[in-house]
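J.: This is the content of upload_19.txt (compact mmCIF, C-alpha atoms and all ligand atoms):
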```txt
# COMPACT_ATOMS: atom_id res chain seq x y z
CA MET F 1 -51.87 -88.27 186.76
CA GLY F 2 -50.28 -85.13 188.05
CA VAL F 3 -51.91 -81.72 188.04
CA THR F 4 -49.02 -80.26 186.05
CA ARG F 5 -49.34 -82.90 183.34
CA LEU F 6 -53.12 -82.35 183.07
CA ASN F 7 -52.65 -78.60 183.02
CA GLN F 8 -50.25 -79.10 180.13
CA LEU F 9 -52.74 -81.37 178.35
CA HIS F 10 -55.46 -78.73 178.82
CA HIS F 11 -53.31 -75.93 177.41
CA ASP F 12 -52.06 -78.07 174.50
CA ALA F 13 -55.57 -79.23 173.58
CA PHE F 14 -57.81 -77.25 171.22
CA VAL F 15 -60.38 -76.03 173.72
CA PHE F 16 -63.55 -74.95 171.89
CA ASP F 17 -66.77 -74.10 173.71
CA GLY F 18 -70.30 -74.35 172.32
CA HIS F 19 -71.86 -71.14 173.61
CA ASN F 20 -70.96 -67.84 175.27
CA ASP F 21 -72.64 -64.46 175.56
CA LEU F 22 -69.59 -62.20 175.57
CA ALA F 23 -71.26 -60.30 172.70
CA LEU F 24 -73.82 -58.94 175.17
CA ARG F 25 -71.03 -56.98 176.86
CA LEU F 26 -69.39 -56.02 173.59
CA LEU F 27 -72.67 -54.73 172.14
CA ALA F 28 -73.28 -52.78 175.37
CA GLY F 29 -70.08 -50.86 174.67
CA GLU F 30 -67.47 -52.75 176.69
CA ASP F 31 -64.12 -53.77 175.21
CA PRO F 32 -63.34 -57.45 175.89
CA SER F 33 -59.88 -57.18 174.29
CA GLY F 34 -58.68 -55.95 177.71
CA ARG F 35 -59.45 -57.14 181.23
CA LEU F 36 -63.12 -56.54 182.18
CA GLN F 37 -64.56 -56.27 185.68
CA GLY F 38 -66.73 -59.23 186.67
CA GLY F 39 -68.35 -61.62 184.22
CA HIS F 40 -66.59 -64.69 182.92
CA LEU F 41 -64.72 -63.76 179.75
CA ASP F 42 -62.32 -61.34 178.13
CA LEU F 43 -59.33 -61.93 175.89
CA PRO F 44 -56.67 -61.95 178.66
CA ARG F 45 -58.68 -64.36 180.83
CA MET F 46 -59.52 -66.62 177.87
CA ARG F 47 -55.76 -66.95 177.25
CA GLU F 48 -55.11 -67.79 180.88
CA GLY F 49 -57.83 -70.44 180.86
CA GLY F 50 -56.51 -72.11 177.71
CA PHE F 51 -59.73 -71.19 175.89
CA ASP F 52 -58.93 -71.44 172.19
CA GLY F 53 -62.33 -70.55 170.84
CA GLY F 54 -66.03 -71.05 170.79
CA ILE F 55 -69.40 -70.13 169.37
CA PHE F 56 -70.00 -66.49 170.23
CA ALA F 57 -73.75 -65.91 170.27
CA VAL F 58 -75.63 -62.81 169.25
CA TRP F 59 -78.81 -62.91 171.29
CA SER F 60 -82.06 -62.05 169.55
CA ASP F 61 -84.78 -60.34 171.56
CA PRO F 62 -88.12 -61.98 170.70
CA ASP F 63 -89.95 -58.83 171.84
CA ALA F 64 -88.04 -56.45 169.58
CA ASP F 65 -89.98 -54.59 166.88
CA ARG F 66 -87.51 -55.71 164.21
CA PRO F 67 -85.61 -58.68 165.64
CA LEU F 68 -83.94 -59.71 162.37
CA HIS F 69 -82.74 -56.16 161.74
CA ASP F 70 -81.33 -55.95 165.29
CA VAL F 71 -79.60 -59.32 165.20
CA LEU F 72 -78.04 -58.54 161.80
CA ASP F 73 -76.72 -55.33 163.32
CA GLY F 74 -75.32 -57.31 166.29
CA VAL F 75 -73.66 -59.85 164.01
CA ALA F 76 -72.10 -57.06 161.94
CA ARG F 77 -70.72 -55.33 165.05
CA LEU F 78 -69.36 -58.57 166.51
CA ARG F 79 -67.74 -59.37 163.17
CA VAL F 80 -65.97 -56.00 163.07
CA PHE F 81 -64.65 -56.60 166.59
CA LEU F 82 -63.39 -60.08 165.65
CA GLU F 83 -61.77 -58.85 162.44
CA GLU F 84 -60.11 -55.82 164.00
CA THR F 85 -58.94 -57.17 167.37
CA PRO F 86 -55.43 -58.66 167.38
CA GLY F 87 -55.57 -62.17 168.80
CA MET F 88 -59.17 -62.85 167.72
CA ARG F 89 -59.85 -65.06 164.68
CA LEU F 90 -63.19 -65.03 162.89
CA VAL F 91 -64.30 -68.50 161.79
CA LEU F 92 -66.34 -68.50 158.58
CA THR F 93 -65.17 -71.70 156.92
CA ALA F 94 -63.95 -75.18 157.84
CA ASP F 95 -60.47 -74.04 156.74
CA ASP F 96 -60.63 -71.14 159.23
CA LEU F 97 -61.53 -73.55 162.02
CA GLU F 98 -58.79 -76.03 161.09
CA ALA F 99 -56.25 -73.18 160.92
CA ALA F 100 -57.35 -72.05 164.38
CA ALA F 101 -56.99 -75.60 165.72
CA ALA F 102 -53.51 -75.83 164.19
CA ALA F 103 -52.59 -72.56 165.92
CA SER F 104 -53.89 -73.84 169.28
CA GLY F 105 -51.54 -72.70 172.04
CA SER F 106 -50.65 -69.47 170.22
CA GLY F 107 -52.98 -67.48 172.47
CA ASP F 108 -55.32 -66.63 169.61
CA VAL F 109 -59.03 -67.08 170.25
CA ALA F 110 -61.26 -68.34 167.43
CA ALA F 111 -64.87 -67.22 167.25
CA LEU F 112 -67.69 -68.66 165.20
CA ILE F 113 -70.70 -66.35 165.25
CA GLY F 114 -74.01 -67.86 166.32
CA VAL F 115 -77.50 -66.38 166.40
CA GLU F 116 -79.45 -67.29 169.52
CA GLY F 117 -83.15 -67.31 168.61
CA ALA F 118 -84.24 -67.07 164.97
CA TYR F 119 -86.75 -64.32 165.71
CA GLY F 120 -87.67 -62.43 162.59
CA VAL F 121 -86.62 -65.35 160.39
CA GLU F 122 -89.85 -66.00 158.51
CA GLU F 123 -88.68 -67.76 155.38
CA PRO F 124 -85.56 -69.56 154.13
CA SER F 125 -84.17 -66.46 152.37
CA ASP F 126 -83.90 -64.73 155.77
CA VAL F 127 -81.33 -67.38 156.74
CA ASP F 128 -79.22 -66.23 153.79
CA ARG F 129 -79.10 -62.75 155.29
CA LEU F 130 -77.73 -64.15 158.57
CA TYR F 131 -75.22 -66.28 156.71
CA ASP F 132 -74.07 -63.40 154.50
CA ALA F 133 -73.54 -61.28 157.63
CA GLY F 134 -71.20 -63.96 159.05
CA ALA F 135 -73.36 -66.16 161.28
CA ARG F 136 -72.56 -69.88 161.08
CA CYS F 137 -74.67 -71.35 163.88
CA LEU F 138 -78.43 -70.96 164.23
CA THR F 139 -79.99 -71.64 167.62
CA LEU F 140 -83.56 -72.07 166.44
CA THR F 141 -85.30 -70.58 169.45
CA TRP F 142 -84.48 -68.78 172.67
CA MET F 143 -87.13 -68.67 175.43
CA ALA F 144 -90.03 -67.82 173.07
CA HIS F 145 -91.55 -69.73 170.15
CA THR F 146 -90.83 -68.67 166.59
CA PRO F 147 -93.73 -68.86 164.07
CA TRP F 148 -92.29 -72.26 163.02
CA ALA F 149 -90.61 -73.87 166.07
CA ASP F 150 -91.54 -74.34 169.72
CA ALA F 151 -89.22 -73.30 172.52
CA SER F 152 -88.84 -75.34 175.72
CA GLY F 153 -90.62 -74.38 178.91
CA LEU F 154 -93.83 -73.01 177.34
CA PRO F 155 -97.11 -74.63 176.32
CA PRO F 156 -96.55 -75.82 172.72
CA ALA F 157 -97.80 -73.67 169.83
CA HIS F 158 -96.90 -75.94 166.90
CA GLY F 159 -96.10 -79.29 168.48
CA GLY F 160 -92.58 -79.24 167.01
CA LEU F 161 -91.18 -77.92 163.75
CA THR F 162 -93.62 -76.74 161.05
CA ASP F 163 -93.16 -77.21 157.29
CA VAL F 164 -91.73 -73.69 157.06
CA GLY F 165 -89.39 -74.66 159.90
CA ARG F 166 -88.21 -77.66 157.91
CA ARG F 167 -87.44 -75.45 154.91
CA ILE F 168 -85.56 -72.98 157.12
CA LEU F 169 -83.51 -75.84 158.62
CA ALA F 170 -82.77 -77.23 155.15
CA ARG F 171 -81.65 -73.80 153.93
CA ALA F 172 -79.31 -73.37 156.93
CA GLU F 173 -77.77 -76.78 156.29
CA LYS F 174 -77.37 -76.12 152.57
CA LEU F 175 -75.53 -72.86 153.28
CA GLY F 176 -73.24 -74.52 155.81
CA MET F 177 -74.72 -73.31 159.10
CA VAL F 178 -74.99 -75.68 162.04
CA ALA F 179 -78.44 -76.07 163.60
CA ASP F 180 -78.61 -75.80 167.39
CA ILE F 181 -81.46 -77.38 169.40
CA SER F 182 -80.63 -75.87 172.79
CA HIS F 183 -83.76 -73.96 173.94
CA SER F 184 -85.96 -76.04 171.60
CA SER F 185 -88.87 -78.03 173.01
CA ASP F 186 -88.45 -81.81 173.03
CA ALA F 187 -90.82 -82.17 170.07
CA THR F 188 -88.96 -79.51 168.07
CA ALA F 189 -85.60 -81.09 168.89
CA ARG F 190 -86.88 -84.50 167.79
CA ASP F 191 -88.28 -83.09 164.53
CA VAL F 192 -84.98 -81.30 163.83
CA LEU F 193 -82.95 -84.44 164.48
CA ARG F 194 -85.17 -86.44 162.15
CA ALA F 195 -85.21 -83.84 159.37
CA ALA F 196 -81.53 -82.88 159.54
CA GLN F 197 -79.13 -84.08 156.85
CA ARG F 198 -76.04 -82.95 158.80
CA PRO F 199 -74.98 -83.30 162.45
CA VAL F 200 -76.85 -81.02 164.85
CA ILE F 201 -75.63 -79.55 168.13
CA ALA F 202 -77.18 -78.76 171.49
CA SER F 203 -74.72 -75.96 172.20
CA HIS F 204 -75.52 -75.25 175.87
CA SER F 205 -77.84 -77.66 177.68
CA ASP F 206 -77.52 -80.21 180.47
CA VAL F 207 -78.73 -83.72 181.18
CA ARG F 208 -82.30 -84.22 182.37
CA ALA F 209 -81.53 -87.55 184.06
CA VAL F 210 -79.30 -85.62 186.49
CA ALA F 211 -81.43 -82.46 186.82
CA ASP F 212 -85.01 -82.38 185.61
CA HIS F 213 -85.26 -79.06 183.76
CA HIS F 214 -86.93 -78.27 180.43
CA ARG F 215 -83.63 -76.78 179.13
CA ASN F 216 -81.91 -80.14 179.56
CA LEU F 217 -81.88 -83.15 177.23
CA SER F 218 -83.54 -86.46 178.01
CA ASP F 219 -81.43 -89.58 177.54
CA ASP F 220 -83.54 -90.42 174.46
CA LEU F 221 -82.74 -87.10 172.80
CA LEU F 222 -79.08 -87.43 173.76
CA GLU F 223 -78.93 -90.84 172.10
CA GLU F 224 -80.59 -89.47 168.98
CA LEU F 225 -78.24 -86.46 168.91
CA ALA F 226 -75.25 -88.82 169.09
CA ALA F 227 -76.70 -91.15 166.44
CA ARG F 228 -76.90 -88.13 164.09
CA GLY F 229 -73.23 -87.38 164.80
CA GLY F 230 -73.92 -84.31 166.94
CA VAL F 231 -72.54 -82.85 170.17
CA LEU F 232 -74.01 -81.67 173.46
CA GLY F 233 -72.17 -78.75 175.06
CA VAL F 234 -72.63 -79.10 178.82
CA ASN F 235 -73.98 -75.84 180.30
CA PHE F 236 -72.41 -74.40 183.48
CA PHE F 237 -75.56 -72.59 184.75
CA SER F 238 -76.34 -73.70 188.31
CA ALA F 239 -80.12 -73.57 187.73
CA TYR F 240 -79.86 -76.20 184.98
CA LEU F 241 -77.34 -78.32 186.89
CA ASP F 242 -79.18 -78.71 190.16
CA GLU F 243 -82.91 -79.02 190.89
CA SER F 244 -82.77 -77.51 194.37
CA PHE F 245 -80.81 -74.48 193.14
CA SER F 246 -83.30 -74.19 190.30
CA ARG F 247 -86.27 -74.01 192.69
CA GLY F 248 -84.54 -71.33 194.79
CA TYR F 249 -83.65 -69.38 191.66
CA GLU F 250 -87.22 -69.44 190.32
CA ALA F 251 -88.59 -68.31 193.70
CA ILE F 252 -86.23 -65.31 193.77
CA ARG F 253 -86.98 -64.48 190.14
CA GLU F 254 -90.74 -64.52 190.74
CA ARG F 255 -90.40 -62.43 193.89
CA LEU F 256 -88.31 -59.78 192.10
CA GLU F 257 -90.71 -59.80 189.16
CA ARG F 258 -93.60 -59.07 191.55
CA GLU F 259 -91.54 -56.22 192.99
CA GLY F 260 -91.01 -54.88 189.47
CA ALA F 261 -87.23 -55.37 189.43
CA ASP F 262 -85.28 -56.05 186.26
CA ASP F 263 -84.87 -59.69 185.27
CA ALA F 264 -81.51 -59.61 183.49
CA PHE F 265 -79.69 -62.94 183.28
CA GLN F 266 -76.41 -61.32 184.28
CA PRO F 267 -74.47 -61.66 187.54
CA ARG F 268 -74.43 -57.87 187.93
CA SER F 269 -78.23 -57.61 187.75
CA GLU F 270 -80.46 -57.31 190.79
CA LEU F 271 -81.44 -60.94 190.23
CA GLY F 272 -77.78 -61.97 190.11
CA ARG F 273 -77.02 -60.20 193.38
CA ALA F 274 -80.04 -61.73 195.15
CA VAL F 275 -79.18 -65.23 193.93
CA ALA F 276 -75.56 -64.85 195.09
CA ALA F 277 -76.71 -63.59 198.50
CA GLU F 278 -79.46 -66.15 199.13
CA LEU F 279 -78.54 -69.46 197.46
CA LYS F 280 -75.86 -71.94 198.37
CA PRO F 281 -73.53 -72.55 195.41
CA VAL F 282 -73.87 -75.80 193.51
CA PRO F 283 -70.88 -78.09 194.17
CA PHE F 284 -68.41 -78.52 191.33
CA SER F 285 -69.01 -82.28 191.45
CA ARG F 286 -72.58 -81.72 190.16
CA LEU F 287 -71.20 -80.30 186.91
CA LEU F 288 -68.97 -83.35 186.55
CA GLU F 289 -72.03 -85.58 187.07
CA HIS F 290 -73.66 -84.04 183.99
CA PHE F 291 -70.52 -84.66 181.95
CA ARG F 292 -70.30 -88.25 183.17
CA ARG F 293 -73.93 -89.06 182.45
CA ALA F 294 -73.79 -87.42 179.01
CA ILE F 295 -70.63 -89.38 178.20
CA ALA F 296 -72.21 -92.62 179.45
CA VAL F 297 -75.33 -92.12 177.31
CA ALA F 298 -73.98 -90.38 174.17
CA GLY F 299 -70.35 -91.49 174.22
CA PRO F 300 -67.20 -89.38 174.66
CA GLU F 301 -67.30 -88.39 170.97
CA HIS F 302 -70.57 -86.51 171.45
CA VAL F 303 -70.00 -84.33 174.51
CA GLY F 304 -68.28 -80.96 174.84
CA LEU F 305 -68.22 -77.69 176.76
CA GLY F 306 -71.24 -75.37 176.57
CA SER F 307 -70.28 -72.83 179.20
CA ASP F 308 -72.95 -70.15 178.63
CA PHE F 309 -70.29 -67.81 180.10
CA ASP F 310 -71.48 -64.20 180.42
CA GLY F 311 -75.06 -65.34 179.91
CA VAL F 312 -75.64 -66.97 183.30
CA LEU F 313 -75.65 -65.50 186.76
CA ALA F 314 -74.50 -68.48 188.83
CA THR F 315 -71.87 -71.14 188.15
CA PRO F 316 -70.74 -74.03 190.37
CA GLU F 317 -68.40 -73.53 193.27
CA GLY F 318 -64.81 -73.07 192.12
CA LEU F 319 -65.79 -72.29 188.52
CA ASP F 320 -65.75 -68.51 188.75
CA ASP F 321 -64.70 -67.68 185.22
CA VAL F 322 -62.90 -69.02 182.16
CA ARG F 323 -59.61 -69.28 184.07
CA ASP F 324 -61.07 -72.23 185.99
CA LEU F 325 -61.60 -74.39 182.88
CA PRO F 326 -58.54 -76.60 183.64
CA LYS F 327 -60.43 -77.82 186.73
CA ILE F 328 -62.91 -79.55 184.40
CA THR F 329 -60.06 -81.34 182.62
CA ALA F 330 -58.68 -82.47 185.98
CA GLY F 331 -62.11 -83.56 187.23
CA LEU F 332 -62.84 -85.60 184.10
CA ALA F 333 -59.40 -87.22 184.21
CA GLU F 334 -60.09 -88.23 187.79
CA HIS F 335 -63.20 -90.03 186.53
CA GLY F 336 -61.13 -92.08 184.14
CA LEU F 337 -61.28 -90.27 180.79
CA THR F 338 -58.26 -91.04 178.62
CA ASP F 339 -56.13 -88.23 177.21
CA GLU F 340 -57.76 -88.72 173.82
CA GLU F 341 -61.25 -88.56 175.32
CA LEU F 342 -60.31 -85.42 177.24
CA ARG F 343 -59.15 -83.72 174.04
CA SER F 344 -62.40 -84.74 172.31
CA VAL F 345 -64.58 -83.31 175.08
CA LEU F 346 -62.51 -80.13 175.43
CA GLY F 347 -62.98 -79.21 171.78
CA GLY F 348 -62.23 -82.04 169.38
CA ASN F 349 -65.89 -82.98 169.08
CA PHE F 350 -67.13 -79.48 168.26
CA ARG F 351 -64.22 -79.14 165.82
CA ARG F 352 -65.24 -82.35 164.01
CA VAL F 353 -68.93 -81.42 163.75
CA LEU F 354 -68.41 -77.78 162.79
CA SER F 355 -65.74 -78.62 160.21
CA SER F 356 -68.09 -81.12 158.61
CA VAL F 357 -71.02 -78.71 158.47
CA LEU F 358 -69.25 -75.46 157.48
CA SER F 359 -68.45 -75.10 153.83
ZN ZN Q 1 -79.19 -69.69 175.89
```
Could the structure of this file be written out as structure tokens, please?
Ligand SMILES: [Zn+2]
T.:
Amino acid sequence: MGVTRLNQLHHDAFVFDGHNDLALRLLAGEDPSGRLQGGHLDLPRMREGGFDGGIFAVWSDPDADRPLHDVLDGVARLRVFLEETPGMRLVLTADDLEAAAAASGSGDVAALIGVEGAYGVEEPSDVDRLYDAGARCLTLTWMAHTPWADASGLPPAHGGLTDVGRRILARAEKLGMVADISHSSDATARDVLRAAQRPVIASHSDVRAVADHHRNLSDDLLEELAARGGVLGVNFFSAYLDESFSRGYEAIRERLEREGADDAFQPRSELGRAVAAELKPVPFSRLLEHFRRAIAVAGPEHVGLGSDFDGVLATPEGLDDVRDLPKITAGLAEHGLTDEELRSVLGGNFRRVLSSVLS
């Protein structure tokens, strides 16, 4: 299969990614409708990379005084940007998503608003406020527990999802919001998968059998996610992809923390600069290994892209920003994926799940 043909397939396909943090830059006052310095995403580069859309996350700070108030404000500001910027399409309904898929190749970029970390959500009616503001994906936790769900990487507080958590999940599903178990602890993820009535996603995680990290999914969880009709978006962050990189990253982070430096998860932060200077990049083939293992365990209908672009400070060699996405298509084709499977992984799977969950 020639590079030109695969490039064409990539640009013709509806490419839809499970998670990006472009909103962090937008909410900090930058304008991603034009070319931005550094980072991974802006509208011109998304067009060049054949990126037709994705879940655009509004990050919730668990330490904020009023996290729900802040995240509602972030969702409102992102929504205004999406509604007012030519070339951006806000996805609120299944019809919006299907229209965006039909317009694939037009250069428009579709955005479904997600909330990363349900901090401040204390009861089901709080989910209505997020929904009314325009959010359609709820990532239950970020790096801290909520009062009703445990996050990964910390000693458990609840041992999974509490009864309140179950009611919050049920409310989100009833409204037509997709539940996202990335960042959840294993026990929380399992409880969500068992309680859910609709397909669930893991928007930006990797595969624990390839790299043992708490942010990644075990084969068991991957199988259960697939059995429930869900999708894993494979994350491009080097520290989740590769155990040796992860150890180096944690050592640098701890050292800088001791020195009192800022711990921003951005390439332009002090941490980002130190990681770039001190650690050897993860080979591109490691990212493909995660895709291959996920596809082997869950099936090609249950795997997608979960870039985490603009939210991570190190990506594999050769994957510098969104313009390098066609390299993933080429790499997966080399490993024997059919054209149909490539289109599913590039965006068809997220399209199917989101269209079935959105009202
Ligand atoms: Zn995240």
J.: Pick out the residues no farther than 9 Å from ligand ZN 1 (chain Q), counting all atoms listed in the file, and list them as a CSV table (one decimal) with C-alpha atoms, keeping the file's coordinate frame.
T.:
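part.csv, written as the output of this step:
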```
chain,number,residue,atom,x,y,z
F,19,HIS,CA,-71.9,-71.1,173.6
F,20,ASN,CA,-71.0,-67.8,175.3
F,21,ASP,CA,-72.6,-64.5,175.6
F,57,ALA,CA,-73.8,-65.9,170.3
F,59,TRP,CA,-78.8,-62.9,171.3
F,116,GLU,CA,-79.4,-67.3,169.5
F,117,GLY,CA,-83.2,-67.3,168.6
F,139,THR,CA,-80.0,-71.6,167.6
F,141,THR,CA,-85.3,-70.6,169.4
F,142,TRP,CA,-84.5,-68.8,172.7
F,143,MET,CA,-87.1,-68.7,175.4
F,182,SER,CA,-80.6,-75.9,172.8
F,183,HIS,CA,-83.8,-74.0,173.9
F,203,SER,CA,-74.7,-76.0,172.2
F,204,HIS,CA,-75.5,-75.2,175.9
F,205,SER,CA,-77.8,-77.7,177.7
F,215,ARG,CA,-83.6,-76.8,179.1
F,308,ASP,CA,-73.0,-70.2,178.6
F,311,GLY,CA,-75.1,-65.3,179.9
F,312,VAL,CA,-75.6,-67.0,183.3
```
J.: So the first atom is CA of Val3 (chain F) and the second is CA of Asp321 (chain F); what is the distance between them in Å, to one decimal place?
T.: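 Those two atoms sit 19.2 Å apart.
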J.: Find the residue from F:Leu288, F:Ala172, F:Leu342, F:Ala187 that sits nearest to Val200 (chain F); use only C-alpha atoms when measuring.
T.: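 Looking at the shortest contact to Val200 (chain F), the residue is F:Ala172.
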J.: Hey, what's within 12 Å of Glu257 (chain F) if we count all atoms listed in the file and toss same-chain stuff fewer than 6 positions away? As number ranges by chain, please?
T.: F: 250-251, 263-264, 270-271
J.: Which residue is closest to Ser244 (chain F)? Choose from F:Pro44, F:Gly347, F:Pro281, F:Gly38 and count only C-alpha atoms.
T.: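 Of the candidates, the smallest distance to Ser244 (chain F) is held by F:Pro281.
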J.: Name all residues at most 12 Å from Ala239 (chain F) (count all atoms listed in the file; drop same-chain ones fewer than 4 positions away) and give them as a ChimeraX atom specification.
T.: /F:205-206,211-216,235,243-253,265,275,279-282,286-287,312-316
J.: Show me the residues around (-57.9, -64.7, 182.8) - criterion: an atom at most 9 Å away, all atoms listed in the file counted - as JSON, numbers by chain.
T.: {"F": [35, 40, 41, 42, 43, 44, 45, 46, 47, 48, 49, 321, 322, 323, 324]}
J.: Identify which of the residues F:Ile328, F:Leu138, F:Ala111, F:Leu358 lies closest to Arg89 (chain F), counting all atoms listed in the file when measuring atom-to-atom distances.
T.: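 Answer, going by the shortest atom-to-atom distance: F:Ala111.
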J.: With distances taken over only C-alpha atoms, which residue among F:Gly176, F:Gly34, F:Gly39, F:Gly29 lies nearest Asp320 (chain F)?
T.: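 Result for the nearest residue to Asp320 (chain F): F:Gly39.
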J.: For the atom pair CA of Phe284 (chain F) and CA of Glu334 (chain F), what is the interatomic distance in Å to one decimal place?
T.: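 These two atoms are separated by 13.3 Å.
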J.: Missing atoms in region 310-321 of chain F need filling: write out N, CA and C atoms for it as a PDB file, in the frame of the given file.
T.:
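rebuild_15.pdb, written as the output of this step:
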```
ATOM      1  N   ASP F 310     -70.969 -65.562 180.603  1.00  0.00           N
ATOM      2  CA  ASP F 310     -71.480 -64.200 180.420  1.00  0.00           C
ATOM      3  C   ASP F 310     -72.971 -64.158 180.078  1.00  0.00           C
ATOM      4  N   GLY F 311     -73.621 -65.318 180.121  1.00  0.00           N
ATOM      5  CA  GLY F 311     -75.060 -65.340 179.910  1.00  0.00           C
ATOM      6  C   GLY F 311     -75.782 -65.924 181.108  1.00  0.00           C
ATOM      7  N   VAL F 312     -75.021 -66.350 182.118  1.00  0.00           N
ATOM      8  CA  VAL F 312     -75.640 -66.970 183.300  1.00  0.00           C
ATOM      9  C   VAL F 312     -75.136 -66.275 184.554  1.00  0.00           C
ATOM     10  N   LEU F 313     -76.005 -66.278 185.579  1.00  0.00           N
ATOM     11  CA  LEU F 313     -75.650 -65.500 186.760  1.00  0.00           C
ATOM     12  C   LEU F 313     -75.183 -66.347 187.920  1.00  0.00           C
ATOM     13  N   ALA F 314     -75.041 -67.646 187.740  1.00  0.00           N
ATOM     14  CA  ALA F 314     -74.500 -68.480 188.830  1.00  0.00           C
ATOM     15  C   ALA F 314     -73.851 -69.700 188.213  1.00  0.00           C
ATOM     16  N   THR F 315     -72.619 -69.964 188.608  1.00  0.00           N
ATOM     17  CA  THR F 315     -71.870 -71.140 188.150  1.00  0.00           C
ATOM     18  C   THR F 315     -71.452 -71.934 189.384  1.00  0.00           C
ATOM     19  N   PRO F 316     -71.072 -73.205 189.205  1.00  0.00           N
ATOM     20  CA  PRO F 316     -70.740 -74.030 190.370  1.00  0.00           C
ATOM     21  C   PRO F 316     -69.537 -73.489 191.154  1.00  0.00           C
ATOM     22  N   GLU F 317     -69.475 -73.924 192.378  1.00  0.00           N
ATOM     23  CA  GLU F 317     -68.400 -73.530 193.270  1.00  0.00           C
ATOM     24  C   GLU F 317     -67.031 -73.830 192.633  1.00  0.00           C
ATOM     25  N   GLY F 318     -66.159 -72.854 192.648  1.00  0.00           N
ATOM     26  CA  GLY F 318     -64.810 -73.070 192.120  1.00  0.00           C
ATOM     27  C   GLY F 318     -64.689 -72.808 190.630  1.00  0.00           C
ATOM     28  N   LEU F 319     -65.814 -72.579 189.962  1.00  0.00           N
ATOM     29  CA  LEU F 319     -65.790 -72.290 188.520  1.00  0.00           C
ATOM     30  C   LEU F 319     -66.237 -70.835 188.358  1.00  0.00           C
ATOM     31  N   ASP F 320     -65.359 -69.917 188.703  1.00  0.00           N
ATOM     32  CA  ASP F 320     -65.750 -68.510 188.750  1.00  0.00           C
ATOM     33  C   ASP F 320     -65.707 -67.832 187.392  1.00  0.00           C
ATOM     34  N   ASP F 321     -64.746 -68.218 186.579  1.00  0.00           N
ATOM     35  CA  ASP F 321     -64.700 -67.680 185.220  1.00  0.00           C
ATOM     36  C   ASP F 321     -63.871 -68.610 184.347  1.00  0.00           C
TER      37      ASP F 321
END
```
